[in-house]
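See below for the structure under consideration.
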Protein chains: 2
Amino acid sequence: MTHDIGFIGLGNMGGPMAANLVRAGHRVTGYDLVPEALRQAEEVGVRPARSAAEAVRGADVVISMLPAGRHVLAAYAELLPAAGPGTLFVDCSTIDVADARAAHELAVTAGHRAVDAPVSGGVVGATAASLTFMVGAEKEHFESARPVLEEMGRKVVHCGAPGAGQAAKICNNMILGISMIAVSEAFVLGESLGLSHQALFDVASTASGQCWALTSNCPVPGPVPASPANRGYPAGFAAALMAKDLGLAAGAAEAAGLPTELGRRAAQLYADFAAAEGAGLDFSAIITTLREGGK
Amino acid sequence: MTHDIGFIGLGNMGGPMAANLVRAGHRVTGYDLVPEALRQAEEVGVRPARSAAEAVRGADVVISMLPAGRHVLAAYAELLPAAGPGTLFVDCSTIDVADARAAHELAVTAGHRAVDAPVSGGVVGATAASLTFMVGAEKEHFESARPVLEEMGRKVVHCGAPGAGQAAKICNNMILGISMIAVSEAFVLGESLGLSHQALFDVASTASGQCWALTSNCPVPGPVPASPANRGYPAGFAAALMAKDLGLAAGAAEAAGLPTELGRRAAQLYADFAAAEGAGLDFSAIITTLREGGK
């Protein structure tokens, strides 16, 4: 089934996602505040709109990929009145759960359908159409969104009611962010004890220390040839984005009165690293800061 | 090849390990300060000695399984002069790396060979002879110890020079201890956001949040039927032992001037939990303390 899709936000992620929708045969009209992003999207077959409202006029599906909750809420204020009745709004941005629920509520009140569908997989996954989508939606709206999401990704998971997609993403990334620091602390401690990186990897990767951070994105060069550590830590998953996601998790925990102590401390460590020098590096480069003080 | 083995420390771990050596056809003479432990070992074919020194007389291999470094050093002071020249000392206790190196040095100075070979796998692994041994030793001494260790375990890994076995164990367990708290914080945060345990498990177990703590020892009931959470958290790996191992890691980091912030905070959380109520529970029961403050 071919859709008329309005696509809002054609940056590093949204650009290649929109290109994959064009490739799948959909009619995609796009908008971005940055003229260069709009021009690049046009090159791959996206029809450029002069405003966000123009991009959604006549669309039956609207997809947004924006930096933060305030951008999504501002965009929805403009888009919801401009879209035809019953349009399916799919927000792929990673934003606060409360903002995601507010956006859903606004859309429903305006007579539309809405799902939150944040992604994992980064620019590489967006380009290769191998993203994972974590979807918060009523069951029938999930089923409506699924075929379109499958054109941009490899895995589409229904996580629960509206907001649950955002919740799953920040909870997963909190585990990831903490476990990367755990793995890094272990390598650094091992170094001080004369334990080689390879020996620790050989033990932990097949024992109870096994985790994705170790076995797929190993923060030291050597044991996992594909990991960014072997090439000076190109992102991958940038430390600035990990800091953002852990910040969202910390904010949600704060609102719920939960300590999530390690999650909050990890948020601070990535934020400090991103502010100092690491913003554009892979988040596994956090290990380079953990040797400080060692003797 | 059949050995005359002296076995020092016949408790929850040492008892079944010694029994497996008897079953493999070795002559095992054992000693424990606790008469009941000695009596139980006798029932499975261990010859009881009246002192540690008597247990090692005539042995070509001496295995120790004791609670802490001070016990190992005290035992070695008594055992090294009593053993025949060139005896192979295998310490399976989990102790400080510095103590392990000191014990090795004492043994070598007394004309013996020595390896450190701490285990993972717990009482279940000790009974089923499915332990993993992490061995610090010169290569030839590792090869001498390997056949005996293989009678008690499924996997025997050479981690490096003397002390490296202990280093690998505490580094692995530091990753494990931290990642269990990470997983627990994520489940608790997910609860507050209306995300079901199963939905978070389904996302994270196949994504970048995947880790042994989640997929093999899941701290909430449901997703992993074999995990202790489904049966009121019987240990498994007791919180008190996790607190001990993370304490060793924190001590080693302190000595090296390394922050290992998350490792130290995790050590404190497990120590507090063990002191309060959790000592004998599986370490995954730490999740029950992480909901405090939630609203």
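Ordered as shown in the structure tokens, chains take letters A, B, and onward, while each chain numbers its residues from 1 and ligands are numbered from 1 in the order shown.
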At a cut-off of 6 Å, list the chain A residues touching chain B, using only C-alpha atoms, as number ranges by chain. A: 159, 164, 168, 171-172, 175-176, 179, 182-183, 185-186, 195, 199-200, 204, 208-212, 256-258, 260, 293-295
Close residues, Leu10 in chain B itself excluded, 9 Å, only C-alpha atoms, min 6 positions apart in chain, as a VMD selection string: chain B and resid 16 to 18 30 to 34 37 to 38 40 to 41 64 to 66
Taking the DSSP assignment computed from this structure's backbone, write out as a count of residues only all residues of range 45-247 of chain A that belong to helix (DSSP H, G or I). 105
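Closest approach to Gly25 in chain A among A:Ala128, A:Ala137, A:Ser144, A:Glu151 is made by A:Glu151 (distances from only C-alpha atoms).
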Distance query Arg231 in chain A at most 12 Å, only C-alpha atoms, self and fewer than 5 positions along chain excluded, as a PyMOL selection string: chain A and resi 218-222+224-226+236+281-282+284-285
What lies within 9 Å of Val124 in chain A using only C-alpha atoms, ignoring chain neighbours under 5 positions off, as a compact mmCIF listing (two decimals) with N, CA, C and O atoms, in the first residue's frame?
```
# COMPACT_ATOMS: atom_id res chain seq x y z
N MET A 13 19.38 11.59 10.78
CA MET A 13 18.53 10.40 10.89
C MET A 13 17.35 10.49 9.92
O MET A 13 17.09 9.58 9.15
N ALA A 129 18.28 0.98 6.56
CA ALA A 129 16.92 0.52 6.88
C ALA A 129 16.95 -0.67 7.82
O ALA A 129 16.18 -1.61 7.68
N SER A 130 17.86 -0.61 8.80
CA SER A 130 17.98 -1.71 9.77
C SER A 130 17.69 -1.24 11.19
O SER A 130 18.12 -1.85 12.16
N LEU A 131 16.96 -0.12 11.32
CA LEU A 131 16.65 0.40 12.65
C LEU A 131 15.75 -0.55 13.43
O LEU A 131 15.07 -1.40 12.85
N GLY A 236 29.31 5.67 15.39
CA GLY A 236 28.66 4.88 16.40
C GLY A 236 27.50 5.64 17.08
O GLY A 236 26.68 6.27 16.45
```
From A:Ala145, A:Met1, A:Val61, A:Val22, residue lying nearest Gly45 in chain A [only C-alpha atoms]: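 For Gly45 in chain A, the nearest of the candidates is A:Val22.
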DSSP on the backbone: what in range 7-235 of chain B comes out strand (DSSP E or B), as a PyMOL selection string? chain B and resi 7-8+27-31+47-48+61-64+88-91+113-116+119-120+131-136+153-160+211+234
Proximity to Arg47 in chain A - best of A:Ser227, A:Asn20, A:Thr29, A:Thr288, only C-alpha atoms: A:Thr29
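Residues surrounding range 82-94 of chain B within 7 Å are B:Ala53, B:Val56, B:Arg57, B:Gly58, B:Asp60, B:Val61, B:Val62, B:Ile63, B:Ser64, B:Met65, B:Leu66, B:Pro67, B:Ala68, B:Gly111, B:His112, B:Arg113, B:Ala114, B:Val115, B:Asp116, B:Ala117, B:Pro118, B:Val119, B:Gln166 [only C-alpha atoms; sequence separation below 5 positions excluded].
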Since we have the selection now, will you write its residues out, keeping N, CA, C and O atoms, as an mmCIF file, in the first residue's frame?
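Result file part_8.cif:
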```
data_model
loop_
_atom_site.group_PDB
_atom_site.id
_atom_site.type_symbol
_atom_site.label_atom_id
_atom_site.label_comp_id
_atom_site.auth_asym_id
_atom_site.auth_seq_id
_atom_site.Cartn_x
_atom_site.Cartn_y
_atom_site.Cartn_z
ATOM 1 N N ALA B 53 48.269 -29.341 58.586
ATOM 2 C CA ALA B 53 49.598 -29.860 58.251
ATOM 3 C C ALA B 53 49.532 -31.348 57.930
ATOM 4 O O ALA B 53 50.171 -31.830 56.989
ATOM 5 N N VAL B 56 48.369 -32.262 54.340
ATOM 6 C CA VAL B 56 49.225 -32.046 53.170
ATOM 7 C C VAL B 56 50.470 -32.935 53.176
ATOM 8 O O VAL B 56 51.214 -32.957 52.190
ATOM 9 N N ARG B 57 50.669 -33.658 54.252
ATOM 10 C CA ARG B 57 51.849 -34.531 54.310
ATOM 11 C C ARG B 57 51.687 -35.656 53.276
ATOM 12 O O ARG B 57 50.677 -36.345 53.266
ATOM 13 N N GLY B 58 52.638 -35.782 52.390
ATOM 14 C CA GLY B 58 52.567 -36.825 51.362
ATOM 15 C C GLY B 58 51.760 -36.424 50.142
ATOM 16 O O GLY B 58 51.654 -37.197 49.177
ATOM 17 N N ASP B 60 50.912 -34.441 46.628
ATOM 18 C CA ASP B 60 51.643 -33.755 45.555
ATOM 19 C C ASP B 60 50.876 -32.529 45.057
ATOM 20 O O ASP B 60 51.422 -31.682 44.358
ATOM 21 N N VAL B 61 49.582 -32.458 45.428
ATOM 22 C CA VAL B 61 48.772 -31.275 45.112
ATOM 23 C C VAL B 61 48.031 -30.852 46.377
ATOM 24 O O VAL B 61 47.476 -31.712 47.079
ATOM 25 N N VAL B 62 48.038 -29.543 46.679
ATOM 26 C CA VAL B 62 47.290 -29.019 47.825
ATOM 27 C C VAL B 62 46.290 -27.985 47.311
ATOM 28 O O VAL B 62 46.670 -27.039 46.609
ATOM 29 N N ILE B 63 45.017 -28.189 47.619
ATOM 30 C CA ILE B 63 43.984 -27.255 47.193
ATOM 31 C C ILE B 63 43.381 -26.585 48.427
ATOM 32 O O ILE B 63 43.087 -27.265 49.416
ATOM 33 N N SER B 64 43.215 -25.274 48.346
ATOM 34 C CA SER B 64 42.593 -24.559 49.467
ATOM 35 C C SER B 64 41.377 -23.789 48.981
ATOM 36 O O SER B 64 41.352 -23.273 47.858
ATOM 37 N N MET B 65 40.345 -23.756 49.831
ATOM 38 C CA MET B 65 39.111 -23.028 49.517
ATOM 39 C C MET B 65 38.675 -22.357 50.819
ATOM 40 O O MET B 65 37.948 -22.949 51.633
ATOM 41 N N LEU B 66 39.136 -21.119 51.004
ATOM 42 C CA LEU B 66 38.988 -20.435 52.291
ATOM 43 C C LEU B 66 38.313 -19.079 52.109
ATOM 44 O O LEU B 66 38.238 -18.565 51.000
ATOM 45 N N PRO B 67 37.812 -18.494 53.201
ATOM 46 C CA PRO B 67 36.973 -17.288 53.057
ATOM 47 C C PRO B 67 37.713 -16.028 52.610
ATOM 48 O O PRO B 67 37.153 -15.227 51.854
ATOM 49 N N ALA B 68 38.960 -15.807 53.055
ATOM 50 C CA ALA B 68 39.601 -14.524 52.764
ATOM 51 C C ALA B 68 41.118 -14.670 52.753
ATOM 52 O O ALA B 68 41.665 -15.702 53.175
ATOM 53 N N GLY B 111 60.045 -23.346 48.075
ATOM 54 C CA GLY B 111 60.402 -24.433 47.176
ATOM 55 C C GLY B 111 59.228 -25.157 46.538
ATOM 56 O O GLY B 111 59.373 -26.263 46.026
ATOM 57 N N HIS B 112 58.049 -24.511 46.551
ATOM 58 C CA HIS B 112 56.865 -25.130 45.966
ATOM 59 C C HIS B 112 56.468 -24.422 44.668
ATOM 60 O O HIS B 112 57.087 -23.447 44.256
ATOM 61 N N ARG B 113 55.399 -24.905 44.047
ATOM 62 C CA ARG B 113 54.773 -24.245 42.897
ATOM 63 C C ARG B 113 53.394 -23.774 43.355
ATOM 64 O O ARG B 113 52.779 -24.431 44.207
ATOM 65 N N ALA B 114 52.921 -22.665 42.791
ATOM 66 C CA ALA B 114 51.632 -22.153 43.271
ATOM 67 C C ALA B 114 50.858 -21.458 42.173
ATOM 68 O O ALA B 114 51.439 -20.762 41.334
ATOM 69 N N VAL B 115 49.554 -21.661 42.173
ATOM 70 C CA VAL B 115 48.663 -20.961 41.241
ATOM 71 C C VAL B 115 47.450 -20.443 42.008
ATOM 72 O O VAL B 115 47.058 -21.019 43.033
ATOM 73 N N ASP B 116 46.882 -19.312 41.525
ATOM 74 C CA ASP B 116 45.601 -18.865 42.075
ATOM 75 C C ASP B 116 44.528 -19.261 41.067
ATOM 76 O O ASP B 116 44.704 -19.085 39.855
ATOM 77 N N ALA B 117 43.427 -19.820 41.563
ATOM 78 C CA ALA B 117 42.398 -20.372 40.671
ATOM 79 C C ALA B 117 41.003 -20.178 41.255
ATOM 80 O O ALA B 117 40.278 -21.135 41.528
ATOM 81 N N PRO B 118 40.609 -18.905 41.437
ATOM 82 C CA PRO B 118 39.259 -18.666 41.971
ATOM 83 C C PRO B 118 38.204 -19.136 40.973
ATOM 84 O O PRO B 118 38.501 -19.304 39.785
ATOM 85 N N VAL B 119 37.004 -19.338 41.479
ATOM 86 C CA VAL B 119 35.960 -19.974 40.670
ATOM 87 C C VAL B 119 34.745 -19.082 40.504
ATOM 88 O O VAL B 119 34.509 -18.173 41.288
ATOM 89 N N GLN B 166 42.707 -14.008 40.215
ATOM 90 C CA GLN B 166 41.920 -13.164 41.127
ATOM 91 C C GLN B 166 41.491 -11.875 40.437
ATOM 92 O O GLN B 166 40.364 -11.409 40.613
#
```
